[in-house]
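**Student:** Sharing final_12.csv, CSV, N, CA and C atoms:
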chain,number,residue,atom,x,y,z
F,3,MET,N,86.1,105.1,64.5
F,3,MET,CA,86.2,105.4,65.9
F,3,MET,C,86.4,104.1,66.7
F,4,GLU,N,87.4,104.1,67.6
F,4,GLU,CA,87.8,103.0,68.4
F,4,GLU,C,86.8,102.9,69.6
F,5,GLN,N,86.4,101.7,69.9
F,5,GLN,CA,85.5,101.4,71.0
F,5,GLN,C,86.3,101.1,72.3
F,6,SER,N,85.7,101.4,73.4
F,6,SER,CA,86.3,101.1,74.7
F,6,SER,C,86.4,99.6,74.8
F,7,ASN,N,87.5,99.1,75.4
F,7,ASN,CA,87.6,97.6,75.6
F,7,ASN,C,87.6,97.4,77.1
F,8,SER,N,87.0,98.2,77.9
F,8,SER,CA,87.0,98.1,79.4
F,8,SER,C,86.4,96.8,79.7
F,9,TYR,N,86.9,96.2,80.8
F,9,TYR,CA,86.3,94.9,81.3
F,9,TYR,C,86.7,94.7,82.8
F,10,VAL,N,86.0,93.8,83.4
F,10,VAL,CA,86.3,93.5,84.8
F,10,VAL,C,86.3,92.0,85.0
F,11,TYR,N,87.2,91.6,85.9
F,11,TYR,CA,87.1,90.1,86.3
F,11,TYR,C,87.4,89.9,87.7
F,12,PHE,N,86.8,88.8,88.2
F,12,PHE,CA,87.1,88.3,89.5
F,12,PHE,C,87.9,87.1,89.4
F,13,ALA,N,89.0,86.9,90.2
F,13,ALA,CA,89.9,85.8,90.0
F,13,ALA,C,90.3,85.2,91.3
F,14,PHE,N,90.5,83.9,91.3
F,14,PHE,CA,91.2,83.1,92.3
F,14,PHE,C,92.6,82.9,91.8
F,15,SER,N,93.7,83.2,92.6
F,15,SER,CA,95.0,82.8,92.1
F,15,SER,C,95.8,82.2,93.3
F,16,GLY,N,96.7,81.3,92.9
F,16,GLY,CA,97.5,80.6,93.9
F,16,GLY,C,98.7,80.0,93.2
F,17,ASN,N,99.6,79.5,94.1
F,17,ASN,CA,100.8,79.0,93.6
F,17,ASN,C,100.6,77.8,92.6
F,18,ASP,N,99.8,76.8,93.0
F,18,ASP,CA,99.5,75.7,92.2
F,18,ASP,C,98.3,75.0,92.7
F,19,PHE,N,97.2,75.2,92.0
F,19,PHE,CA,95.9,74.5,92.4
F,19,PHE,C,95.2,74.1,91.2
F,20,ASP,N,94.2,73.2,91.3
F,20,ASP,CA,93.4,72.8,90.2
F,20,ASP,C,92.2,73.7,90.0
F,21,PRO,N,92.2,74.5,89.0
F,21,PRO,CA,91.0,75.4,88.8
F,21,PRO,C,89.7,74.7,88.7
F,22,THR,N,89.7,73.5,88.2
F,22,THR,CA,88.4,72.7,88.0
F,22,THR,C,87.8,72.4,89.4
F,23,HIS,N,88.6,72.4,90.4
F,23,HIS,CA,88.1,72.2,91.8
F,23,HIS,C,87.3,73.4,92.2
F,24,VAL,N,87.7,74.6,91.9
F,24,VAL,CA,87.0,75.9,92.1
F,24,VAL,C,85.7,75.8,91.4
F,25,THR,N,85.7,75.4,90.1
F,25,THR,CA,84.5,75.3,89.3
F,25,THR,C,83.5,74.4,89.9
F,26,GLN,N,83.9,73.2,90.4
F,26,GLN,CA,83.1,72.2,91.0
F,26,GLN,C,82.5,72.8,92.3
F,27,GLU,N,83.3,73.4,93.1
F,27,GLU,CA,82.8,73.9,94.4
F,27,GLU,C,81.8,75.1,94.3
F,28,LEU,N,82.1,75.9,93.3
F,28,LEU,CA,81.2,77.1,93.1
F,28,LEU,C,80.0,76.8,92.2
F,29,GLY,N,80.1,75.8,91.3
F,29,GLY,CA,79.1,75.5,90.4
F,29,GLY,C,78.9,76.6,89.4
F,30,ILE,N,80.0,77.3,89.1
F,30,ILE,CA,80.1,78.4,88.1
F,30,ILE,C,81.2,78.2,87.1
F,31,GLU,N,80.9,78.2,85.9
F,31,GLU,CA,81.9,78.0,84.8
F,31,GLU,C,82.7,79.3,84.7
F,32,PRO,N,84.1,79.2,84.8
F,32,PRO,CA,84.9,80.4,84.6
F,32,PRO,C,85.0,80.8,83.1
F,33,THR,N,85.3,82.0,82.9
F,33,THR,CA,85.6,82.5,81.5
F,33,THR,C,86.8,81.8,81.0
F,34,ASP,N,87.9,81.7,81.9
F,34,ASP,CA,89.1,81.0,81.5
F,34,ASP,C,89.8,80.7,82.8
F,35,PHE,N,90.8,79.8,82.7
F,35,PHE,CA,91.6,79.3,83.8
F,35,PHE,C,92.9,78.8,83.2
F,36,TRP,N,93.9,78.6,84.1
F,36,TRP,CA,95.1,78.0,83.7
F,36,TRP,C,95.8,77.4,85.0
F,37,ARG,N,96.7,76.5,84.8
F,37,ARG,CA,97.5,76.0,85.9
F,37,ARG,C,98.9,76.4,85.7
F,38,LYS,N,99.6,76.5,86.9
F,38,LYS,CA,101.0,76.8,86.9
F,38,LYS,C,101.7,75.9,85.9
F,39,GLY,N,102.6,76.4,85.0
F,39,GLY,CA,103.3,75.6,84.1
F,39,GLY,C,102.6,75.5,82.7
F,40,ASP,N,101.3,75.9,82.6
F,40,ASP,CA,100.7,75.9,81.3
F,40,ASP,C,101.3,76.9,80.4
F,41,PRO,N,101.3,76.7,79.1
F,41,PRO,CA,101.8,77.8,78.2
F,41,PRO,C,101.0,79.1,78.4
F,42,GLY,N,101.7,80.2,78.4
F,42,GLY,CA,101.0,81.5,78.6
F,42,GLY,C,100.8,82.2,77.3
F,43,LYS,N,100.0,83.2,77.3
F,43,LYS,CA,99.8,84.0,76.1
F,43,LYS,C,100.9,85.0,75.9
F,44,TYR,N,101.5,85.5,76.9
F,44,TYR,CA,102.6,86.5,76.8
F,44,TYR,C,103.9,86.0,77.3
F,45,ILE,N,103.8,84.9,78.0
F,45,ILE,CA,105.0,84.3,78.6
F,45,ILE,C,105.1,82.8,78.3
F,46,GLN,N,106.2,82.2,78.4
F,46,GLN,CA,106.4,80.8,78.0
F,46,GLN,C,105.5,79.9,78.8
F,47,GLN,N,105.6,80.1,80.2
F,47,GLN,CA,104.9,79.2,81.1
F,47,GLN,C,104.2,80.1,82.2
F,48,GLN,N,103.0,79.7,82.6
F,48,GLN,CA,102.3,80.5,83.6
F,48,GLN,C,103.1,80.2,85.0
F,49,LYS,N,103.2,81.3,85.7
F,49,LYS,CA,103.9,81.2,87.0
F,49,LYS,C,103.0,80.9,88.2
F,50,TYR,N,101.7,80.9,88.0
F,50,TYR,CA,100.8,80.6,89.0
F,50,TYR,C,99.5,80.0,88.4
F,51,SER,N,98.6,79.4,89.2
F,51,SER,CA,97.3,79.0,88.7
F,51,SER,C,96.3,80.0,88.9
F,52,CYS,N,95.3,80.0,88.0
F,52,CYS,CA,94.2,81.1,88.1
F,52,CYS,C,92.9,80.6,87.6
F,53,TRP,N,91.8,81.1,88.2
F,53,TRP,CA,90.4,80.9,87.8
F,53,TRP,C,89.8,82.2,87.6
F,54,ARG,N,89.3,82.6,86.4
F,54,ARG,CA,88.8,84.0,86.2
F,54,ARG,C,87.3,83.9,85.7
F,55,LEU,N,86.6,84.9,86.2
F,55,LEU,CA,85.2,85.2,85.7
F,55,LEU,C,85.2,86.6,85.1
F,56,VAL,N,85.1,86.7,83.8
F,56,VAL,CA,85.3,88.0,83.1
F,56,VAL,C,83.9,88.6,82.7
F,57,SER,N,83.7,89.9,82.8
F,57,SER,CA,82.5,90.5,82.3
F,57,SER,C,82.3,90.3,80.8
F,58,THR,N,81.1,90.3,80.4
F,58,THR,CA,80.8,90.2,79.0
F,58,THR,C,80.1,91.4,78.4
F,59,GLY,N,79.7,92.3,79.3
F,59,GLY,CA,79.0,93.5,78.9
F,59,GLY,C,79.9,94.5,78.1
F,60,ASN,N,79.3,95.3,77.4
F,60,ASN,CA,80.0,96.4,76.6
F,60,ASN,C,79.6,97.7,77.2
F,61,GLU,N,80.4,98.2,78.2
F,61,GLU,CA,80.0,99.4,78.9
F,61,GLU,C,81.2,100.4,78.7
F,62,VAL,N,80.9,101.6,78.2
F,62,VAL,CA,82.0,102.6,78.0
F,62,VAL,C,82.1,103.6,79.2
F,63,LEU,N,81.0,104.0,79.8
F,63,LEU,CA,81.0,105.0,80.8
F,63,LEU,C,80.9,104.5,82.2
F,64,ASP,N,79.9,103.8,82.5
F,64,ASP,CA,79.6,103.3,83.9
F,64,ASP,C,80.2,102.0,84.1
F,65,ILE,N,81.5,102.0,84.5
F,65,ILE,CA,82.3,100.8,84.6
F,65,ILE,C,81.8,99.9,85.7
F,66,ASP,N,81.1,100.5,86.7
F,66,ASP,CA,80.6,99.7,87.8
F,66,ASP,C,79.5,98.7,87.4
F,67,LYS,N,78.9,99.0,86.3
F,67,LYS,CA,77.9,98.0,85.7
F,67,LYS,C,78.6,96.7,85.4
F,68,LEU,N,79.8,96.8,84.9
F,68,LEU,CA,80.6,95.6,84.7
F,68,LEU,C,81.0,94.9,86.0
F,69,VAL,N,81.3,95.7,87.0
F,69,VAL,CA,81.6,95.1,88.3
F,69,VAL,C,80.4,94.3,88.8
F,70,VAL,N,79.3,95.0,88.8
F,70,VAL,CA,78.0,94.4,89.3
F,70,VAL,C,77.7,93.1,88.5
F,71,GLU,N,77.9,93.1,87.2
F,71,GLU,CA,77.7,92.0,86.4
F,71,GLU,C,78.4,90.7,86.9
F,72,VAL,N,79.7,90.9,87.2
F,72,VAL,CA,80.5,89.8,87.7
F,72,VAL,C,80.2,89.5,89.1
F,73,ILE,N,80.2,90.4,90.0
F,73,ILE,CA,80.0,90.2,91.4
F,73,ILE,C,78.6,89.6,91.7
F,74,SER,N,77.6,90.0,90.9
F,74,SER,CA,76.2,89.4,91.1
F,74,SER,C,76.2,87.9,90.9
F,75,GLN,N,77.1,87.4,90.1
F,75,GLN,CA,77.1,85.9,89.9
F,75,GLN,C,77.8,85.2,91.1
F,76,LEU,N,78.4,86.0,92.0
F,76,LEU,CA,79.2,85.4,93.1
F,76,LEU,C,78.6,85.7,94.5
F,77,THR,N,77.7,86.6,94.6
F,77,THR,CA,77.3,87.1,95.9
F,77,THR,C,76.6,85.9,96.8
F,78,HIS,N,76.0,85.0,96.1
F,78,HIS,CA,75.4,83.9,96.9
F,78,HIS,C,76.4,82.8,97.2
F,79,LYS,N,77.7,83.0,96.9
F,79,LYS,CA,78.8,82.0,97.1
F,79,LYS,C,79.9,82.5,98.0
F,80,ILE,N,79.6,83.5,98.9
F,80,ILE,CA,80.6,84.1,99.7
F,80,ILE,C,81.2,83.0,100.6
F,81,SER,N,80.4,82.2,101.3
F,81,SER,CA,81.0,81.2,102.2
F,81,SER,C,81.9,80.2,101.5
F,82,GLU,N,81.4,79.8,100.3
F,82,GLU,CA,82.2,78.9,99.5
F,82,GLU,C,83.6,79.5,99.0
F,83,ILE,N,83.5,80.8,98.7
F,83,ILE,CA,84.8,81.5,98.3
F,83,ILE,C,85.7,81.5,99.5
F,84,VAL,N,85.2,81.9,100.7
F,84,VAL,CA,86.1,82.0,101.9
F,84,VAL,C,86.7,80.6,102.2
F,85,ILE,N,85.9,79.6,102.1
F,85,ILE,CA,86.4,78.2,102.4
F,85,ILE,C,87.4,77.8,101.4
F,86,LEU,N,87.2,78.0,100.1
F,86,LEU,CA,88.2,77.7,99.0
F,86,LEU,C,89.5,78.5,99.2
F,87,LYS,N,89.4,79.7,99.6
F,87,LYS,CA,90.6,80.5,99.8
F,87,LYS,C,91.4,79.9,101.0
F,88,ASP,N,90.8,79.5,102.0
F,88,ASP,CA,91.5,79.0,103.2
F,88,ASP,C,92.0,77.6,102.9
F,89,LYS,N,91.2,76.8,102.3
F,89,LYS,CA,91.6,75.4,102.1
F,89,LYS,C,92.7,75.2,101.1
F,90,LEU,N,92.7,76.1,100.0
F,90,LEU,CA,93.7,75.9,98.9
F,90,LEU,C,94.7,77.0,99.0
F,91,HIS,N,94.7,77.9,100.0
F,91,HIS,CA,95.7,79.0,100.2
F,91,HIS,C,95.7,79.9,98.9
F,92,LEU,N,94.5,80.4,98.6
F,92,LEU,CA,94.3,81.2,97.4
F,92,LEU,C,94.1,82.7,97.8
F,93,GLU,N,94.3,83.5,96.9
F,93,GLU,CA,94.0,85.0,96.9
F,93,GLU,C,92.9,85.2,96.0
F,94,THR,N,92.0,86.2,96.2
F,94,THR,CA,91.0,86.6,95.3
F,94,THR,C,91.2,88.1,95.0
F,95,PHE,N,90.9,88.5,93.8
F,95,PHE,CA,91.0,89.9,93.5
F,95,PHE,C,90.0,90.3,92.4
F,96,LEU,N,89.6,91.5,92.4
F,96,LEU,CA,88.7,92.1,91.4
F,96,LEU,C,89.5,93.0,90.6
F,97,GLU,N,89.7,92.7,89.3
F,97,GLU,CA,90.5,93.5,88.4
F,97,GLU,C,89.6,94.3,87.5
F,98,VAL,N,89.8,95.7,87.5
F,98,VAL,CA,89.1,96.6,86.6
F,98,VAL,C,90.1,97.1,85.6
F,99,VAL,N,89.8,96.8,84.3
F,99,VAL,CA,90.7,97.3,83.3
F,99,VAL,C,89.9,98.3,82.5
F,100,MET,N,90.3,99.6,82.6
F,100,MET,CA,89.5,100.7,82.0
F,100,MET,C,90.3,101.4,80.9
F,101,TYR,N,89.6,101.6,79.8
F,101,TYR,CA,90.2,102.4,78.7
F,101,TYR,C,89.6,103.7,78.6
F,102,ILE,N,90.4,104.8,78.6
F,102,ILE,CA,89.9,106.1,78.6
F,102,ILE,C,90.2,106.8,77.3
F,103,ASP,N,89.2,107.3,76.7
F,103,ASP,CA,89.3,108.1,75.4
F,103,ASP,C,89.9,109.5,75.7
F,104,THR,N,91.0,109.8,75.1
F,104,THR,CA,91.6,111.1,75.3
F,104,THR,C,91.0,112.2,74.4
F,105,ASN,N,90.1,111.8,73.6
F,105,ASN,CA,89.4,112.8,72.8
F,105,ASN,C,88.5,113.7,73.7
F,106,ASP,N,88.8,115.0,73.7
F,106,ASP,CA,88.1,115.9,74.6
F,106,ASP,C,86.6,116.0,74.3
F,107,GLU,N,86.1,115.5,73.2
F,107,GLU,CA,84.7,115.5,72.9
F,107,GLU,C,83.9,114.3,73.5
F,108,GLN,N,84.7,113.4,74.1
F,108,GLN,CA,84.1,112.2,74.6
F,108,GLN,C,84.1,112.2,76.1
F,109,SER,N,83.1,111.6,76.8
F,109,SER,CA,83.0,111.6,78.2
F,109,SER,C,84.0,110.5,78.7
F,110,THR,N,84.5,110.7,79.9
F,110,THR,CA,85.4,109.7,80.5
F,110,THR,C,84.6,108.8,81.4
F,111,PRO,N,85.1,107.6,81.6
F,111,PRO,CA,84.3,106.6,82.4
F,111,PRO,C,84.3,106.9,83.9
F,112,MET,N,83.4,106.3,84.6
F,112,MET,CA,83.3,106.5,86.0
F,112,MET,C,83.3,105.2,86.7
F,113,LEU,N,83.8,105.1,87.9
F,113,LEU,CA,83.8,103.9,88.7
F,113,LEU,C,83.5,104.2,90.2
F,114,GLY,N,82.5,103.6,90.7
F,114,GLY,CA,82.2,103.8,92.1
F,114,GLY,C,81.4,102.6,92.6
F,115,HIS,N,81.8,101.9,93.6
F,115,HIS,CA,81.1,100.7,94.0
F,115,HIS,C,80.0,101.0,94.9
F,116,ASP,N,78.9,100.2,94.7
F,116,ASP,CA,77.7,100.4,95.7
F,116,ASP,C,78.0,99.5,96.9
F,117,LEU,N,77.2,99.6,97.9
F,117,LEU,CA,77.5,99.0,99.2
F,117,LEU,C,77.5,97.4,99.1
F,118,SER,N,76.7,96.9,98.2
F,118,SER,CA,76.7,95.4,98.0
F,118,SER,C,78.0,94.9,97.5
F,119,VAL,N,78.6,95.6,96.6
F,119,VAL,CA,79.9,95.3,96.1
F,119,VAL,C,81.0,95.4,97.2
F,120,ILE,N,81.0,96.5,97.9
F,120,ILE,CA,81.9,96.7,99.0
F,120,ILE,C,81.8,95.6,100.0
F,121,GLU,N,80.5,95.2,100.4
F,121,GLU,CA,80.3,94.2,101.3
F,121,GLU,C,80.9,92.8,100.8
F,122,PHE,N,80.6,92.5,99.6
F,122,PHE,CA,81.2,91.3,99.0
F,122,PHE,C,82.7,91.3,99.1
F,123,LEU,N,83.3,92.4,98.7
F,123,LEU,CA,84.8,92.4,98.7
F,123,LEU,C,85.3,92.3,100.1
F,124,TYR,N,84.6,92.9,101.1
F,124,TYR,CA,85.0,92.8,102.5
F,124,TYR,C,84.9,91.3,103.0
F,125,LYS,N,83.7,90.8,102.8
F,125,LYS,CA,83.4,89.4,103.4
F,125,LYS,C,84.3,88.4,102.7
F,126,THR,N,84.7,88.5,101.5
F,126,THR,CA,85.5,87.5,100.8
F,126,THR,C,87.0,87.8,100.9
F,127,GLY,N,87.4,89.0,101.5
F,127,GLY,CA,88.8,89.4,101.6
F,127,GLY,C,89.4,89.6,100.2
F,128,THR,N,88.7,90.2,99.3
F,128,THR,CA,89.1,90.3,98.0
F,128,THR,C,89.8,91.7,97.8
F,129,ARG,N,91.0,91.7,97.2
F,129,ARG,CA,91.7,92.9,96.8
F,129,ARG,C,91.1,93.4,95.5
F,130,THR,N,91.3,94.7,95.3
F,130,THR,CA,91.0,95.3,94.0
F,130,THR,C,92.2,95.8,93.3
F,131,ASP,N,92.2,95.9,92.0
F,131,ASP,CA,93.2,96.4,91.2
F,131,ASP,C,92.6,97.2,90.0
F,132,LEU,N,93.2,98.3,89.7
F,132,LEU,CA,92.6,99.1,88.6
F,132,LEU,C,93.8,99.4,87.6
F,133,ASP,N,93.6,99.0,86.4
F,133,ASP,CA,94.5,99.3,85.3
F,133,ASP,C,93.8,100.3,84.4
F,134,ILE,N,94.5,101.4,84.0
F,134,ILE,CA,93.9,102.4,83.2
F,134,ILE,C,94.8,102.5,81.9
F,135,TYR,N,94.2,102.5,80.8
F,135,TYR,CA,94.9,102.7,79.5
F,135,TYR,C,94.2,103.8,78.7
F,136,ARG,N,95.0,104.5,78.0
F,136,ARG,CA,94.4,105.6,77.2
F,136,ARG,C,94.4,105.2,75.7
F,137,TYR,N,93.4,105.8,75.0
F,137,TYR,CA,93.3,105.7,73.5
F,137,TYR,C,92.6,106.9,73.1
F,138,THR,N,92.7,107.2,71.8
F,138,THR,CA,92.0,108.3,71.2
F,138,THR,C,91.1,107.9,70.1
F,139,SER,N,89.9,108.4,70.0
F,139,SER,CA,89.0,108.1,69.0
F,139,SER,C,89.0,109.1,67.8
F,140,THR,N,89.9,110.0,67.9
F,140,THR,CA,90.1,111.0,66.8
F,140,THR,C,91.0,110.4,65.8
F,141,ASP,N,90.8,110.8,64.5
F,141,ASP,CA,91.7,110.4,63.5
F,141,ASP,C,92.9,111.2,63.5
F,142,LYS,N,94.0,110.6,63.1
F,142,LYS,CA,95.3,111.4,63.1
F,142,LYS,C,95.7,111.7,61.7
Kindly present the structure from the file in structure tokens form.

**Tutor:**
Amino acid sequence: MEQSNSYVYFAFSGNDFDPTHVTQELGIEPTDFWRKGDPGKYIQQQKYSCWRLVSTGNEVLDIDKLVVEVISQLTHKISEIVILKDKLHLETFLEVVMYIDTNDEQSTPMLGHDLSVIEFLYKTGTRTDLDIYRYTSTDK
């Protein structure tokens, strides 16, 4: 039986900035980062710079638990995030990557943000994006 690989991340992205500056300003180590021009995993060179904080939890149904895991590490850094975005001309986004089991015997995941997450997204001017992928846990 295949497991869900759902995950969530918060990211800073911009044309060309030093992600280590974000790390220093926030005092939070990212899960990963890259600079524009670095070798990419799926492309020859990265087209932009990025700093990402990725969830580590293994949640199949309540995807918002992964959102809260990531956002709770950042809620006390709202002003620093806003300053970094303005100073370095960055965008922030919350990416939710959700895998849905098409097996009728399995429950489907749910996602719904609580007010503290919505407040964080609003105050930091963070966009959200949701990618949904299907898989089946039944044997063929």

**Student:** Which residue out of F:Leu55, F:Glu93, F:Met100, F:Asn17 has the minimum interatomic distance to F:Lys38 when only C-alpha atoms are used?

**Tutor:**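 Closest to F:Lys38, using only C-alpha atoms: F:Asn17.
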
**Student:** Give me, as number ranges by chain, all polymer residues having an atom no more than 12 Å from F:Leu117, counting only C-alpha atoms and skipping those fewer than 6 positions away in the same chain.

**Tutor:** F: 66, 70, 123-124

**Student:** Pick out the residues sitting within 6.5 Å of F:Met112, and hand them over as a list of chain:residue names; count only N, CA and C atoms, and ignore anything fewer than 4 positions along from it in its own chain.

**Tutor:**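 Counting only the stated atoms, we get F:Val62, F:Leu63, F:Asp64, F:Ile65, F:Asp66.
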
**Student:** In Å, rounded to a single decimal, give me how far atom C of F:Val98 is from atom CA of F:Ile120.

**Tutor:** 15.7 Å

**Student:** Which residue, F:His91, F:Asp103, F:Arg54, F:Leu68, has the smallest gap to F:Phe14 when you use all atoms listed in the file?

**Tutor:**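 Closest residue, counting all atoms listed in the file: F:Arg54.
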
**Student:** One decimal, in Å: what's the spacing between atom N of F:Tyr135 and atom N of F:Val56?

**Tutor:**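 Computing it gives 18.5 Å between the two atoms.
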
**Student:** DSSP on the backbone, strand (DSSP E or B) only: what residues of stretch 9-111 of chain F does that give? Format it as a ChimeraX atom specification.

**Tutor:** /F:9-16,34-36,41,47,51-56,64,93-103

**Student:** DSSP on the backbone: what in stretch 11-131 of chain F comes out alpha helix (DSSP H), as an MDAnalysis selection string?

**Tutor:** chainID F and resid 21:28 66:73 80:90 117:126

**Student:** Distance atom CA of F:Asp88-atom CA of F:Glu31, one decimal place?

**Tutor:**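 Computed distance, atom CA of F:Asp88 to atom CA of F:Glu31, equals 20.8 Å.
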
**Student:** Any idea what's packed within 8 Å of F:Tyr50, counting only C-alpha atoms, ignoring anything in its chain fewer than 3 positions away? Could you give it as a VMD selection string?

**Tutor:** chain F and resid 15 to 18 37 to 39

**Student:** Taking into account all atoms listed in the file, which residue in the set F:Leu132, F:Ser118, F:Tyr44, F:Asn60 is nearest to F:Thr77?

**Tutor:**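 For F:Thr77, the nearest of the given residues is F:Ser118.
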
**Student:** Taking only C-alpha atoms into account, which of F:Thr138, F:Thr126, F:Gly59, F:Glu27 comes nearest F:Tyr101?

**Tutor:** F:Thr138

**Student:** Need the shell around F:Lys125: protein/DNA/RNA residues with any atom at most 9 Å away, counting only C-alpha atoms. Skip same-chain ones fewer than 4 positions apart. Format as an MDAnalysis selection string?

**Tutor:** chainID F and resid 80:81 84 120:121

**Student:** Please provide the set of residues having any atom within 7 Å of F:Val99, restricted to only N, CA and C atoms, with same-chain residues fewer than 2 positions apart removed, written as a PDB file with N, CA and C atoms, keeping the file's coordinate frame.

**Tutor:**
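Written file, result_13.pdb:
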ATOM      1  N   ASN F   7      87.500  99.100  75.400  1.00  0.00           N
ATOM      2  CA  ASN F   7      87.600  97.600  75.600  1.00  0.00           C
ATOM      3  C   ASN F   7      87.600  97.400  77.100  1.00  0.00           C
ATOM      4  N   SER F   8      87.000  98.200  77.900  1.00  0.00           N
ATOM      5  CA  SER F   8      87.000  98.100  79.400  1.00  0.00           C
ATOM      6  C   SER F   8      86.400  96.800  79.700  1.00  0.00           C
ATOM      7  N   TYR F   9      86.900  96.200  80.800  1.00  0.00           N
ATOM      8  CA  TYR F   9      86.300  94.900  81.300  1.00  0.00           C
ATOM      9  C   TYR F   9      86.700  94.700  82.800  1.00  0.00           C
ATOM     10  N   VAL F  10      86.000  93.800  83.400  1.00  0.00           N
ATOM     11  CA  VAL F  10      86.300  93.500  84.800  1.00  0.00           C
ATOM     12  C   VAL F  10      86.300  92.000  85.000  1.00  0.00           C
ATOM     13  N   TYR F  11      87.200  91.600  85.900  1.00  0.00           N
ATOM     14  CA  TYR F  11      87.100  90.100  86.300  1.00  0.00           C
ATOM     15  C   TYR F  11      87.400  89.900  87.700  1.00  0.00           C
ATOM     16  N   GLU F  97      89.700  92.700  89.300  1.00  0.00           N
ATOM     17  CA  GLU F  97      90.500  93.500  88.400  1.00  0.00           C
ATOM     18  C   GLU F  97      89.600  94.300  87.500  1.00  0.00           C
ATOM     19  N   TYR F 101      89.600 101.600  79.800  1.00  0.00           N
ATOM     20  CA  TYR F 101      90.200 102.400  78.700  1.00  0.00           C
ATOM     21  C   TYR F 101      89.600 103.700  78.600  1.00  0.00           C
ATOM     22  N   ASP F 131      92.200  95.900  92.000  1.00  0.00           N
ATOM     23  CA  ASP F 131      93.200  96.400  91.200  1.00  0.00           C
ATOM     24  C   ASP F 131      92.600  97.200  90.000  1.00  0.00           C
ATOM     25  N   LEU F 132      93.200  98.300  89.700  1.00  0.00           N
ATOM     26  CA  LEU F 132      92.600  99.100  88.600  1.00  0.00           C
ATOM     27  C   LEU F 132      93.800  99.400  87.600  1.00  0.00           C
ATOM     28  N   ASP F 133      93.600  99.000  86.400  1.00  0.00           N
ATOM     29  CA  ASP F 133      94.500  99.300  85.300  1.00  0.00           C
ATOM     30  C   ASP F 133      93.800 100.300  84.400  1.00  0.00           C
ATOM     31  N   ILE F 134      94.500 101.400  84.000  1.00  0.00           N
ATOM     32  CA  ILE F 134      93.900 102.400  83.200  1.00  0.00           C
ATOM     33  C   ILE F 134      94.800 102.500  81.900  1.00  0.00           C
ATOM     34  N   TYR F 135      94.200 102.500  80.800  1.00  0.00           N
ATOM     35  CA  TYR F 135      94.900 102.700  79.500  1.00  0.00           C
ATOM     36  C   TYR F 135      94.200 103.800  78.700  1.00  0.00           C
TER      37      TYR F 135
END

**Student:** From the options F:Ser74, F:Ser51, F:Thr33, F:Thr140, which residue's atoms come nearest to F:Glu107, counting only C-alpha atoms?

**Tutor:**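 Ranked by minimum distance to F:Glu107, first place goes to F:Thr140.
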
**Student:** Can you put all heavy atoms back into stretch 8-12 of chain F and show it as a compact mmCIF listing (two decimals), in the frame of the given file?

**Tutor:**
# COMPACT_ATOMS: atom_id res chain seq x y z
N SER F 8 87.00 98.20 77.90
CA SER F 8 87.00 98.10 79.40
C SER F 8 86.40 96.80 79.70
O SER F 8 85.40 96.33 79.12
CB SER F 8 86.30 99.26 80.02
OG SER F 8 86.97 100.47 79.77
N TYR F 9 86.90 96.20 80.80
CA TYR F 9 86.30 94.90 81.30
C TYR F 9 86.70 94.70 82.80
O TYR F 9 87.57 95.45 83.27
CB TYR F 9 86.73 93.71 80.47
CG TYR F 9 88.22 93.43 80.44
CD1 TYR F 9 88.78 92.51 81.32
CD2 TYR F 9 89.05 94.08 79.55
CE1 TYR F 9 90.15 92.25 81.30
CE2 TYR F 9 90.41 93.83 79.51
CZ TYR F 9 90.95 92.91 80.39
OH TYR F 9 92.30 92.66 80.38
N VAL F 10 86.00 93.80 83.40
CA VAL F 10 86.30 93.50 84.80
C VAL F 10 86.30 92.00 85.00
O VAL F 10 85.64 91.27 84.28
CB VAL F 10 85.07 94.08 85.65
CG1 VAL F 10 85.12 93.62 87.09
CG2 VAL F 10 85.03 95.60 85.56
N TYR F 11 87.20 91.60 85.90
CA TYR F 11 87.10 90.10 86.30
C TYR F 11 87.40 89.90 87.70
O TYR F 11 88.07 90.67 88.38
CB TYR F 11 88.03 89.29 85.37
CG TYR F 11 89.51 89.54 85.48
CD1 TYR F 11 90.27 88.92 86.47
CD2 TYR F 11 90.16 90.37 84.57
CE1 TYR F 11 91.65 89.13 86.54
CE2 TYR F 11 91.52 90.57 84.63
CZ TYR F 11 92.26 89.94 85.62
OH TYR F 11 93.61 90.15 85.69
N PHE F 12 86.80 88.80 88.20
CA PHE F 12 87.10 88.30 89.50
C PHE F 12 87.90 87.10 89.40
O PHE F 12 87.67 86.24 88.49
CB PHE F 12 85.76 87.91 90.24
CG PHE F 12 85.96 87.26 91.58
CD1 PHE F 12 86.10 88.03 92.72
CD2 PHE F 12 86.02 85.88 91.70
CE1 PHE F 12 86.28 87.43 93.97
CE2 PHE F 12 86.20 85.27 92.92
CZ PHE F 12 86.34 86.06 94.07
